[in-house]
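This is data.txt. It holds compact mmCIF, C-alpha atoms.
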# COMPACT_ATOMS: atom_id res chain seq x y z
CA MET A 1 -45.98 2.28 12.44
CA ARG A 2 -47.74 4.88 10.28
CA GLY A 3 -50.09 6.99 12.37
CA VAL A 4 -48.37 6.03 15.62
CA ARG A 5 -46.79 9.06 17.13
CA LEU A 6 -43.65 8.52 19.16
CA PRO A 7 -43.28 10.20 22.51
CA GLU A 8 -41.27 13.44 22.51
CA ASP A 9 -38.26 11.85 24.31
CA ALA A 10 -38.03 9.03 21.78
CA ARG A 11 -38.13 11.46 18.85
CA VAL A 12 -35.38 13.57 20.37
CA LYS A 13 -33.23 10.48 20.98
CA LYS A 14 -33.78 9.27 17.43
CA SER A 15 -32.84 12.65 15.98
CA ALA A 16 -29.74 12.81 18.16
CA PHE A 17 -28.73 9.33 17.00
CA PHE A 18 -29.08 10.33 13.34
CA VAL A 19 -27.09 13.51 13.90
CA LEU A 20 -24.36 11.55 15.67
CA MET A 21 -24.18 8.98 12.88
CA MET A 22 -24.00 11.72 10.24
CA VAL A 23 -21.22 13.46 12.15
CA PHE A 24 -19.39 10.13 12.40
CA GLY A 25 -19.83 9.45 8.70
CA ILE A 26 -18.68 12.90 7.64
CA SER A 27 -15.69 12.70 10.02
CA LEU A 28 -14.72 9.36 8.52
CA MET A 29 -14.88 10.82 5.01
CA ILE A 30 -12.75 13.82 6.02
CA TRP A 31 -10.20 11.51 7.65
CA ALA A 32 -10.09 9.32 4.55
CA GLY A 33 -9.61 12.39 2.36
CA VAL A 34 -6.76 13.74 4.47
CA TYR A 35 -5.15 10.29 4.66
CA SER A 36 -5.46 9.86 0.91
CA LEU A 37 -3.91 13.29 0.22
CA ARG A 38 -0.99 12.58 2.54
CA ALA A 39 -0.44 9.14 1.03
CA ARG A 40 -0.49 10.57 -2.49
CA LYS A 41 1.95 13.34 -1.58
CA LEU A 42 4.30 10.85 0.07
CA ALA A 43 4.07 8.45 -2.85
CA ALA A 44 4.67 11.26 -5.32
CA GLN A 45 7.78 12.30 -3.39
CA GLN A 46 9.04 8.71 -3.33
CA ALA A 47 8.33 8.28 -7.03
CA GLN A 48 10.28 11.46 -7.74
CA ALA A 49 13.19 10.30 -5.59
CA ASN A 50 13.28 6.87 -7.22
CA HIS A 51 12.82 8.11 -10.74
CA VAL A 52 15.01 6.44 -13.29
CA VAL A 53 14.84 6.50 -17.02
CA LEU A 54 14.58 3.12 -18.60
CA THR A 55 14.88 2.32 -22.23
CA PRO A 56 11.73 1.72 -24.27
CA ASP A 57 9.26 -0.82 -22.94
CA GLY A 58 9.42 -2.93 -26.03
CA ALA A 59 13.11 -3.49 -25.45
CA ALA A 60 12.76 -4.60 -21.87
CA VAL A 61 12.57 -8.28 -22.71
CA PRO A 62 16.00 -9.78 -22.17
CA GLY A 63 17.79 -10.56 -25.32
CA ALA A 64 15.12 -8.97 -27.43
CA GLY A 65 15.92 -5.34 -26.77
CA THR A 66 16.95 -2.71 -29.20
CA GLY A 67 19.61 -1.79 -26.70
CA SER A 68 18.93 1.84 -27.25
CA ALA A 69 19.28 4.05 -24.24
CA GLY A 70 18.14 7.08 -26.17
CA GLU A 71 18.15 10.60 -24.96
CA THR A 72 16.24 11.47 -21.86
CA THR A 73 13.77 14.33 -21.83
CA ALA A 74 14.23 17.65 -20.04
CA GLN A 75 11.87 16.51 -17.32
CA ASP A 76 13.99 13.40 -16.77
CA ILE A 77 17.26 15.31 -16.49
CA PRO A 78 17.35 17.41 -13.35
CA LEU A 79 20.75 18.78 -14.36
CA LYS A 80 19.77 19.75 -17.91
CA GLY A 81 20.65 23.38 -18.55
CA LYS A 82 22.40 23.62 -15.19
CA ALA A 83 26.09 23.90 -14.45
CA ALA A 84 27.74 20.50 -14.30
CA PRO A 85 28.70 19.76 -10.68
CA ALA A 86 32.39 20.43 -10.15
CA PHE A 87 34.71 17.66 -9.05
CA THR A 88 38.37 16.95 -8.52
CA LEU A 89 39.35 13.31 -8.71
CA VAL A 90 42.52 11.30 -9.03
CA ASP A 91 43.41 9.54 -12.27
CA LEU A 92 45.15 6.19 -12.66
CA GLU A 93 48.55 7.86 -12.37
CA GLY A 94 47.57 9.56 -9.15
CA LYS A 95 47.27 12.98 -10.76
CA LYS A 96 44.45 15.29 -9.70
CA VAL A 97 41.99 16.08 -12.47
CA SER A 98 39.20 18.63 -12.16
CA LEU A 99 36.27 19.24 -14.41
CA ALA A 100 37.29 22.89 -14.24
CA ASP A 101 40.47 21.93 -16.12
CA TYR A 102 38.27 21.48 -19.19
CA LYS A 103 36.48 24.81 -18.98
CA GLY A 104 35.54 26.00 -22.44
CA ARG A 105 35.66 22.51 -23.94
CA PRO A 106 32.82 20.10 -24.72
CA VAL A 107 33.14 17.16 -22.34
CA VAL A 108 31.39 13.87 -21.75
CA VAL A 109 31.52 12.63 -18.18
CA ASN A 110 30.99 8.89 -18.39
CA PHE A 111 30.29 6.82 -15.29
CA TRP A 112 31.24 3.17 -15.70
CA ALA A 113 32.45 0.13 -13.76
CA THR A 114 34.62 -2.90 -14.40
CA TRP A 115 31.63 -5.21 -13.81
CA CYS A 116 29.45 -3.36 -16.29
CA ALA A 117 29.51 -5.19 -19.62
CA PRO A 118 27.63 -2.52 -21.64
CA CYS A 119 30.02 0.12 -20.29
CA LYS A 120 32.94 -1.78 -21.76
CA LEU A 121 31.18 -1.97 -25.10
CA GLU A 122 30.85 1.78 -25.48
CA MET A 123 34.25 2.78 -24.13
CA PRO A 124 36.07 2.02 -27.41
CA TRP A 125 33.45 4.12 -29.21
CA PHE A 126 34.14 7.04 -26.90
CA GLU A 127 37.85 6.62 -27.61
CA GLU A 128 37.20 6.64 -31.35
CA PHE A 129 35.04 9.78 -31.17
CA ARG A 130 37.54 11.47 -28.89
CA GLN A 131 40.18 11.00 -31.59
CA LYS A 132 37.77 12.08 -34.30
CA TYR A 133 36.68 15.29 -32.58
CA GLN A 134 39.79 16.16 -30.61
CA ALA A 135 40.46 19.13 -32.89
CA GLN A 136 37.27 20.67 -31.49
CA GLY A 137 38.57 20.26 -27.96
CA PHE A 138 36.26 17.35 -27.26
CA GLU A 139 37.20 15.23 -24.25
CA ILE A 140 35.87 12.25 -22.35
CA LEU A 141 36.32 11.82 -18.63
CA GLY A 142 35.63 8.26 -17.53
CA ILE A 143 34.75 7.95 -13.86
CA ALA A 144 35.10 4.42 -12.52
CA GLU A 145 32.18 4.11 -10.11
CA ASP A 146 33.60 0.93 -8.79
CA ASP A 147 34.92 -0.81 -5.69
CA ALA A 148 37.53 -2.60 -7.78
CA GLY A 149 41.17 -1.80 -7.20
CA LYS A 150 43.12 0.66 -9.33
CA ASP A 151 44.93 -2.17 -11.10
CA GLU A 152 41.72 -3.85 -12.20
CA ILE A 153 40.32 -0.54 -13.39
CA ALA A 154 43.51 0.18 -15.31
CA LYS A 155 43.47 -3.31 -16.81
CA THR A 156 39.88 -2.89 -18.00
CA ALA A 157 40.61 0.54 -19.48
CA LYS A 158 43.64 -0.86 -21.27
CA LYS A 159 41.63 -3.77 -22.65
CA ALA A 160 39.11 -1.28 -24.02
CA ALA A 161 42.03 0.60 -25.63
CA VAL A 162 41.04 3.75 -23.78
CA THR A 163 43.51 6.63 -23.60
CA TYR A 164 41.19 9.32 -22.25
CA PRO A 165 41.46 10.16 -18.53
CA ILE A 166 40.09 7.48 -16.24
CA LEU A 167 39.28 8.89 -12.83
CA LEU A 168 38.68 7.06 -9.57
CA THR A 169 35.47 7.85 -7.75
CA ASP A 170 35.53 9.54 -4.37
CA GLY A 171 32.02 8.34 -3.55
CA LYS A 172 30.72 11.92 -3.73
CA VAL A 173 30.78 12.61 -7.44
CA ALA A 174 27.91 10.27 -8.37
CA PRO A 175 25.55 11.70 -5.73
CA ALA A 176 26.49 15.18 -6.97
CA TYR A 177 25.27 14.11 -10.41
CA GLY A 178 21.92 13.00 -9.05
CA GLY A 179 22.87 9.55 -7.80
CA VAL A 180 24.07 7.34 -10.60
CA ASP A 181 22.32 4.04 -9.92
CA MET A 182 22.58 2.50 -13.38
CA LEU A 183 25.62 2.17 -15.57
CA PRO A 184 26.68 3.36 -18.02
CA THR A 185 25.47 6.88 -17.40
CA SER A 186 26.91 9.82 -19.33
CA PHE A 187 26.54 13.56 -18.99
CA TYR A 188 27.19 15.76 -22.01
CA ILE A 189 28.60 19.11 -20.92
CA ASP A 190 28.91 22.01 -23.35
CA ARG A 191 31.63 24.66 -23.64
CA ASN A 192 29.79 26.79 -21.08
CA GLY A 193 29.92 24.02 -18.52
CA LEU A 194 26.19 23.32 -18.79
CA VAL A 195 24.71 19.83 -18.92
CA THR A 196 22.94 19.42 -22.24
CA THR A 197 22.10 15.73 -22.22
CA GLU A 198 22.20 12.71 -19.96
CA THR A 199 22.10 9.18 -21.28
CA ILE A 200 21.45 6.14 -19.15
CA GLY A 201 22.27 2.70 -20.43
CA LEU A 202 23.95 1.61 -23.60
CA ALA A 203 23.00 3.61 -26.67
CA SER A 204 23.94 2.65 -30.20
CA LYS A 205 27.22 3.95 -31.59
CA ASP A 206 25.31 6.22 -33.95
CA GLU A 207 23.35 7.70 -31.08
CA VAL A 208 26.53 8.34 -29.11
CA GLU A 209 28.05 10.17 -32.06
CA ALA A 210 24.84 12.12 -32.66
CA ASN A 211 24.91 13.31 -29.05
CA ILE A 212 28.54 14.33 -29.40
CA LYS A 213 27.82 16.21 -32.63
CA LYS A 214 24.95 18.00 -30.94
CA LEU A 215 27.33 18.94 -28.13
CA LEU A 216 29.90 20.28 -30.57
CA GLY A 217 27.38 22.26 -32.55
CA PRO A 218 26.76 22.10 -36.33
CA GLY A 219 29.90 23.99 -37.32
CA ASP A 220 32.36 21.94 -35.28
CA ALA A 221 30.83 18.60 -36.22
CA ALA A 222 31.02 19.50 -39.92
CA THR A 223 34.65 20.62 -39.75
CA ALA A 224 35.59 17.39 -38.02
CA SER A 225 34.16 15.32 -40.82
CA LEU A 226 36.12 17.45 -43.35
CA GLY A 227 39.31 16.83 -41.40
CA ALA A 228 39.84 20.51 -40.64
CA ALA A 229 41.48 21.56 -37.41
CA PRO A 230 39.96 24.77 -36.10
CA ALA A 231 41.18 26.42 -32.96
CA VAL A 232 40.24 24.71 -29.77
CA GLY A 233 37.73 26.62 -27.66
CA ALA A 234 38.65 28.83 -24.77
CA GLY A 235 40.98 26.25 -23.27
CA ARG A 236 41.79 25.55 -19.69
CA MET B 1 -32.23 8.85 7.09
CA LYS B 2 -31.35 8.84 3.41
CA LEU B 3 -28.56 11.31 4.02
CA PHE B 4 -27.18 9.11 6.73
CA ALA B 5 -27.26 6.05 4.50
CA VAL B 6 -25.44 7.86 1.68
CA SER B 7 -22.82 9.16 4.13
CA ALA B 8 -22.24 5.73 5.58
CA VAL B 9 -21.81 4.13 2.14
CA LEU B 10 -19.39 6.83 1.00
CA ALA B 11 -17.40 6.51 4.20
CA ALA B 12 -17.21 2.75 3.84
CA LEU B 13 -15.92 3.13 0.27
CA ALA B 14 -13.33 5.72 1.23
CA VAL B 15 -10.91 3.35 3.00
CA PRO B 16 -10.46 0.85 0.15
CA MET B 17 -10.03 3.81 -2.26
CA VAL B 18 -7.14 5.07 -0.16
CA ARG B 19 -5.48 1.65 -0.26
CA ALA B 20 -5.84 1.41 -4.04
CA GLN B 21 -4.14 4.79 -4.43
CA ASP B 22 -1.23 3.65 -2.26
CA VAL B 23 -0.64 0.65 -4.47
CA GLY B 24 -0.90 2.72 -7.63
CA PHE B 25 2.02 4.89 -6.64
CA GLU B 26 4.52 2.08 -6.38
CA ASN B 27 7.29 2.35 -8.95
CA PRO B 28 7.36 -0.98 -10.77
CA SER B 29 10.14 0.02 -13.18
CA LYS B 30 12.82 -0.20 -10.53
CA PRO B 31 12.52 -3.23 -8.28
CA LYS B 32 14.35 -3.13 -4.97
CA THR B 33 15.70 -6.57 -5.64
CA TYR B 34 16.32 -8.22 -8.98
CA ILE B 35 16.17 -11.76 -7.60
CA VAL B 36 13.34 -13.24 -5.57
CA TYR B 37 13.81 -16.12 -3.14
CA ALA B 38 11.22 -17.76 -0.96
CA ALA B 39 12.27 -20.33 1.63
CA GLU B 40 10.40 -23.53 0.89
CA PRO B 41 10.46 -26.02 3.76
CA GLN B 42 11.75 -29.38 2.54
CA THR B 43 12.07 -32.81 4.05
CA ILE B 44 15.09 -35.06 3.61
CA ALA B 45 16.29 -38.35 5.03
CA ALA B 46 18.25 -37.94 8.27
CA GLY B 47 21.86 -39.09 8.37
CA LYS B 48 22.04 -39.68 4.62
CA LYS B 49 23.31 -37.70 1.69
CA ALA B 50 20.50 -35.54 0.41
CA VAL B 51 20.02 -32.48 -1.71
CA VAL B 52 18.12 -29.37 -0.67
CA GLU B 53 17.02 -27.20 -3.57
CA LEU B 54 17.00 -23.43 -3.43
CA HIS B 55 14.75 -21.84 -5.99
CA PHE B 56 15.48 -18.31 -7.17
CA LYS B 57 13.81 -16.18 -9.80
CA VAL B 58 15.36 -13.28 -11.64
CA GLN B 59 12.79 -10.54 -12.20
CA ASP B 60 11.44 -10.26 -15.72
CA GLY B 61 13.49 -7.99 -17.94
CA PHE B 62 16.72 -8.52 -16.02
CA HIS B 63 19.56 -11.03 -15.94
CA VAL B 64 22.37 -11.74 -13.51
CA ASN B 65 25.80 -13.21 -14.17
CA SER B 66 25.96 -16.96 -13.67
CA HIS B 67 28.21 -18.48 -11.03
CA THR B 68 30.88 -18.83 -13.71
CA PRO B 69 30.69 -15.75 -15.92
CA LYS B 70 33.01 -15.64 -18.90
CA SER B 71 35.07 -12.76 -17.59
CA GLU B 72 37.01 -12.50 -14.37
CA LEU B 73 35.86 -8.90 -14.08
CA LEU B 74 32.20 -9.79 -13.98
CA ILE B 75 30.68 -10.42 -10.57
CA PRO B 76 29.46 -14.02 -10.28
CA THR B 77 26.27 -15.05 -8.55
CA ASN B 78 27.50 -16.54 -5.32
CA LEU B 79 25.69 -18.03 -2.35
CA LYS B 80 27.32 -18.10 1.06
CA LEU B 81 25.69 -20.04 3.89
CA ASP B 82 26.63 -19.95 7.55
CA ALA B 83 27.41 -23.18 9.34
CA ALA B 84 24.65 -24.77 11.40
CA ASP B 85 24.69 -27.45 14.07
CA GLY B 86 23.84 -30.92 12.82
CA VAL B 87 24.30 -30.10 9.16
CA LYS B 88 27.29 -31.02 7.01
CA VAL B 89 27.30 -29.09 3.80
CA ALA B 90 29.07 -30.11 0.59
CA PRO B 91 29.95 -27.53 -2.10
CA LEU B 92 26.95 -25.89 -3.67
CA GLU B 93 25.95 -26.92 -7.17
CA TYR B 94 25.06 -24.04 -9.47
CA PRO B 95 23.28 -24.41 -12.79
CA ALA B 96 25.02 -23.53 -16.03
CA GLY B 97 24.06 -20.12 -17.33
CA THR B 98 22.62 -19.32 -20.70
CA ALA B 99 24.57 -17.44 -23.35
CA TYR B 100 23.72 -13.76 -23.62
CA SER B 101 25.09 -10.97 -25.73
CA PHE B 102 24.14 -7.34 -26.07
CA SER B 103 22.60 -6.45 -29.38
CA PHE B 104 25.44 -4.02 -30.21
CA ASP B 105 28.15 -6.62 -29.81
CA THR B 106 27.11 -10.17 -30.45
CA ASN B 107 30.73 -11.30 -30.34
CA GLU B 108 31.02 -10.94 -26.60
CA LYS B 109 29.07 -13.73 -24.97
CA LEU B 110 28.12 -13.54 -21.35
CA GLU B 111 26.80 -16.40 -19.26
CA VAL B 112 23.77 -15.38 -17.28
CA TYR B 113 20.75 -16.55 -15.33
CA GLN B 114 17.36 -15.38 -16.49
CA GLY B 115 14.01 -16.34 -15.02
CA ALA B 116 14.03 -19.25 -12.57
CA PHE B 117 17.22 -21.00 -11.53
CA THR B 118 17.95 -23.57 -8.85
CA VAL B 119 21.01 -23.93 -6.65
CA LYS B 120 21.47 -27.36 -5.12
CA LEU B 121 22.78 -27.81 -1.61
CA PRO B 122 24.11 -31.30 -0.84
CA VAL B 123 23.80 -32.00 2.88
CA VAL B 124 23.96 -34.68 5.52
CA ALA B 125 21.85 -33.69 8.50
CA THR B 126 20.88 -35.11 11.85
CA ALA B 127 17.20 -35.70 12.56
CA GLY B 128 15.24 -32.56 13.31
CA GLU B 129 14.47 -29.15 11.90
CA HIS B 130 17.33 -27.14 10.46
CA ARG B 131 17.77 -23.57 9.40
CA LEU B 132 20.73 -22.23 7.42
CA SER B 133 21.19 -18.52 6.92
CA GLY B 134 23.26 -16.82 4.28
CA THR B 135 23.38 -14.33 1.45
CA LEU B 136 23.28 -14.46 -2.30
CA ARG B 137 25.55 -11.91 -3.95
CA TYR B 138 24.75 -11.00 -7.50
CA GLN B 139 24.93 -8.24 -10.03
CA ALA B 140 22.02 -7.55 -12.37
CA CYS B 141 21.69 -5.92 -15.75
CA ASP B 142 18.91 -5.34 -18.21
CA HIS B 143 19.36 -5.21 -21.96
CA ALA B 144 21.29 -1.93 -21.86
CA ALA B 145 22.35 -1.03 -18.33
CA CYS B 146 23.81 -2.62 -15.24
CA TYR B 147 23.04 -2.13 -11.57
CA PRO B 148 25.44 -2.17 -8.63
CA PRO B 149 26.06 -5.54 -6.93
CA LYS B 150 23.48 -6.55 -4.35
CA THR B 151 23.14 -9.13 -1.61
CA LEU B 152 19.95 -11.03 -0.92
CA PRO B 153 19.35 -12.62 2.50
CA VAL B 154 18.61 -16.33 2.17
CA GLU B 155 17.19 -18.77 4.72
CA VAL B 156 17.15 -22.48 4.02
CA LEU B 157 14.63 -24.47 6.04
CA PHE B 158 14.43 -28.24 6.02
CA THR B 159 13.49 -31.15 8.21
CA ALA B 160 15.53 -34.34 8.39
CA LYS B 161 13.50 -37.44 9.32
The structure in this file should be written as structure tokens.
Amino acid sequence: MRGVRLPEDARVKKSAFFVLMMVFGISLMIWAGVYSLRARKLAAQQAQANHVVLTPDGAAVPGAGTGSAGETTAQDIPLKGKAAPAFTLVDLEGKKVSLADYKGRPVVVNFWATWCAPCKLEMPWFEEFRQKYQAQGFEILGIAEDDAGKDEIAKTAKKAAVTYPILLTDGKVAPAYGGVDMLPTSFYIDRNGLVTTETIGLASKDEVEANIKKLLGPGDAATASLGAAPAVGAGR
Amino acid sequence: MKLFAVSAVLAALAVPMVRAQDVGFENPSKPKTYIVYAAEPQTIAAGKKAVVELHFKVQDGFHVNSHTPKSELLIPTNLKLDAADGVKVAPLEYPAGTAYSFSFDTNEKLEVYQGAFTVKLPVVATAGEHRLSGTLRYQACDHAACYPPKTLPVEVLFTAK
């Protein structure tokens, strides 16, 4: 072909073809880029919405786990540092109980269910720590996130020797706390009504107490272990 | 010409790249279902007692209560199948679970299914193809947390000859 000169029409057609193909190629790349960006944004939103905190990877093998739920990080706890969502629920005696009733007191809001075996393991620990730190105004509110009847819930609480308030869900409280989709889930709320920590899954007894001590602050935790009985915080 | 060729190659690569990114954003830590079931067509003898097997698999890292958990408060794994013409169904046969306890309290033993488990369905069916629909209700946990009860649609397909 070298040395053969194409007619003017053929050269124009060839050039036009190349230009068209380039435009097509560039358009395809732009489309792919836009599609990719949209897909990534959508996936990122879904990942954010579905985010849950699992316990360490090494413990994920059934039966081989450390069983430690651990403390979630600030990034994992949307409510951290924010006011704990208010609620008014009914307890097992039919009495209305509000979170606001415990204003000025350190509180753990513990979501559990009758079908949740790890929940029932930690409930006696909560009871024990409630007794131990009651002089500091510490309280546990157990919210049964459960379809079971009141009698079954009461029976389970009794079996766990729990005397702290057990409240029946209204179906709105869990979504208000970010959608509790694993149990047990606990929110540690300080005297100012701010969420300081959220734990998901069963933690060790030591970890539970460490979280409670952190909630109480160094002074209160120390006085509890000395058996002193300082004044309860601001009260109801 | 070279420019065109480069553009075409880049454009061709762009589509598979997009697909790879889609897959990468899936969240594997939280499966939508903790049990997997795939209908496997089976063949049995027509008009005679036969057993159709239903194979389930609990996702790695999770367990579900067996059909007979040790506590009345635990939610058992339970399969319910709708009636179908030409098929007489006897009570389902569930496997025994394996003992499981949480590391913080080894005294309390649960009975669970982990990994693969098979539910047996004794039937007597007329000749032909049959389809039974139903649901498997279960409640899953991992080593430290539990998840709300779920139901899994199940279809049983078999041919009686």
Contact residues around Ala210 in chain A with all atoms listed in the file at 12 Å, ignoring same-chain residues under 4 positions, as a list of chain:residue names: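 Skipping anything fewer than 4 positions along the chain leaves A:Gly70, A:Glu71, A:Phe129, A:Tyr188, A:Thr197, A:Ala203, A:Ser204, A:Lys205, A:Asp206, A:Lys214, A:Leu215, A:Leu216, A:Gly217, A:Pro218, A:Ala221.
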Pick from B:Leu136, B:Leu79, B:Ala46, B:Ala145, whichever lies nearest to chain A using only C-alpha atoms: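 For chain A, the nearest of the given residues is B:Ala145.
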For CA of Ile200 in chain A and CA of Gly94 in chain A, the interatomic separation in Å (one decimal): 28.2 Å
Spatial neighbours of Cys116 in chain A, 7 Å, all atoms listed in the file, chain gap at least 4 places, as a VMD selection string: (chain A and resid 112 120 183) or (chain B and resid 146)
Who sits within 9 Å of Pro122 in chain B, all atoms listed in the file, same chain under 4 positions skipped, as a PyMOL selection string: chain B and resi 49-53+88-93
Within 7 Å of Ala113 in chain A using only C-alpha atoms, minus same-chain residues under 6 positions, as a list in words: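 The residues that qualify are Cys119, Ala144, Glu145 and Asp146 of chain A.
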Computed interatomic separation between CA of Phe126 in chain A and CA of Lys158 in chain A (Å):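 Going from CA of Phe126 in chain A over to CA of Lys158 in chain A, I get 13.6 Å.
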Spatial neighbours of Leu157 in chain B, max dist 8 Å, all atoms listed in the file, sep filter under 4 positions, as a list in words: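 Returned residues: Ala39, Glu40, Pro41, Gln42, Glu129, His130, Arg131 and Leu132 of chain B.
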d(CA of Arg105 in chain A, CA of Pro124 in chain A) in Å: 20.8 Å
Neighbours of point (41.2, 7.9, -15.7) within 6 Å, using only C-alpha atoms, written as number ranges by chain: A: 91-92, 142, 165-167
Top pick for closest residue to Val173 in chain A, considering A:Ile189, A:Val107, A:Ala86, A:Leu20 and counting only C-alpha atoms: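 Checking each candidate against Val173 in chain A, we get A:Ala86 as the closest.
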Is it possible to produce a file of range 90-105 of chain B from this structure, with N, CA and C atoms, as a tab-separated table (two decimals), in the first residue's frame?
chain	number	residue	atom	x	y	z
B	90	ALA	N	-45.01	-38.38	56.04
B	90	ALA	CA	-44.90	-38.81	57.44
B	90	ALA	C	-44.10	-37.75	58.20
B	91	PRO	N	-44.08	-37.82	59.54
B	91	PRO	CA	-43.33	-36.79	60.29
B	91	PRO	C	-41.87	-36.69	59.86
B	92	LEU	N	-41.41	-35.49	59.80
B	92	LEU	CA	-40.02	-35.23	59.39
B	92	LEU	C	-39.04	-35.82	60.41
B	93	GLU	N	-37.90	-36.23	59.93
B	93	GLU	CA	-36.86	-36.77	60.82
B	93	GLU	C	-35.68	-35.81	60.84
B	94	TYR	N	-35.44	-35.24	62.02
B	94	TYR	CA	-34.36	-34.27	62.16
B	94	TYR	C	-33.13	-34.96	62.75
B	95	PRO	N	-31.96	-34.49	62.40
B	95	PRO	CA	-30.75	-35.07	63.00
B	95	PRO	C	-30.59	-34.57	64.44
B	96	ALA	N	-29.84	-35.33	65.22
B	96	ALA	CA	-29.50	-34.85	66.57
B	96	ALA	C	-28.51	-33.70	66.42
B	97	GLY	N	-28.59	-32.77	67.32
B	97	GLY	CA	-27.64	-31.66	67.28
B	97	GLY	C	-26.34	-32.03	67.96
B	98	THR	N	-25.39	-31.12	67.86
B	98	THR	CA	-24.14	-31.33	68.59
B	98	THR	C	-24.13	-30.41	69.81
B	99	ALA	N	-23.44	-30.86	70.84
B	99	ALA	CA	-23.39	-30.06	72.08
B	99	ALA	C	-22.56	-28.80	71.84
B	100	TYR	N	-23.03	-27.71	72.39
B	100	TYR	CA	-22.32	-26.43	72.23
B	100	TYR	C	-22.47	-25.63	73.52
B	101	SER	N	-21.39	-25.03	73.93
B	101	SER	CA	-21.50	-24.13	75.08
B	101	SER	C	-20.66	-22.89	74.81
B	102	PHE	N	-21.08	-21.78	75.37
B	102	PHE	CA	-20.32	-20.55	75.21
B	102	PHE	C	-19.11	-20.61	76.13
B	103	SER	N	-18.05	-19.99	75.69
B	103	SER	CA	-16.78	-20.13	76.42
B	103	SER	C	-16.87	-19.59	77.85
B	104	PHE	N	-17.83	-18.64	78.10
B	104	PHE	CA	-17.92	-18.07	79.44
B	104	PHE	C	-18.74	-18.92	80.40
B	105	ASP	N	-19.47	-19.88	79.86
B	105	ASP	CA	-20.26	-20.74	80.73
B	105	ASP	C	-20.36	-22.12	80.11
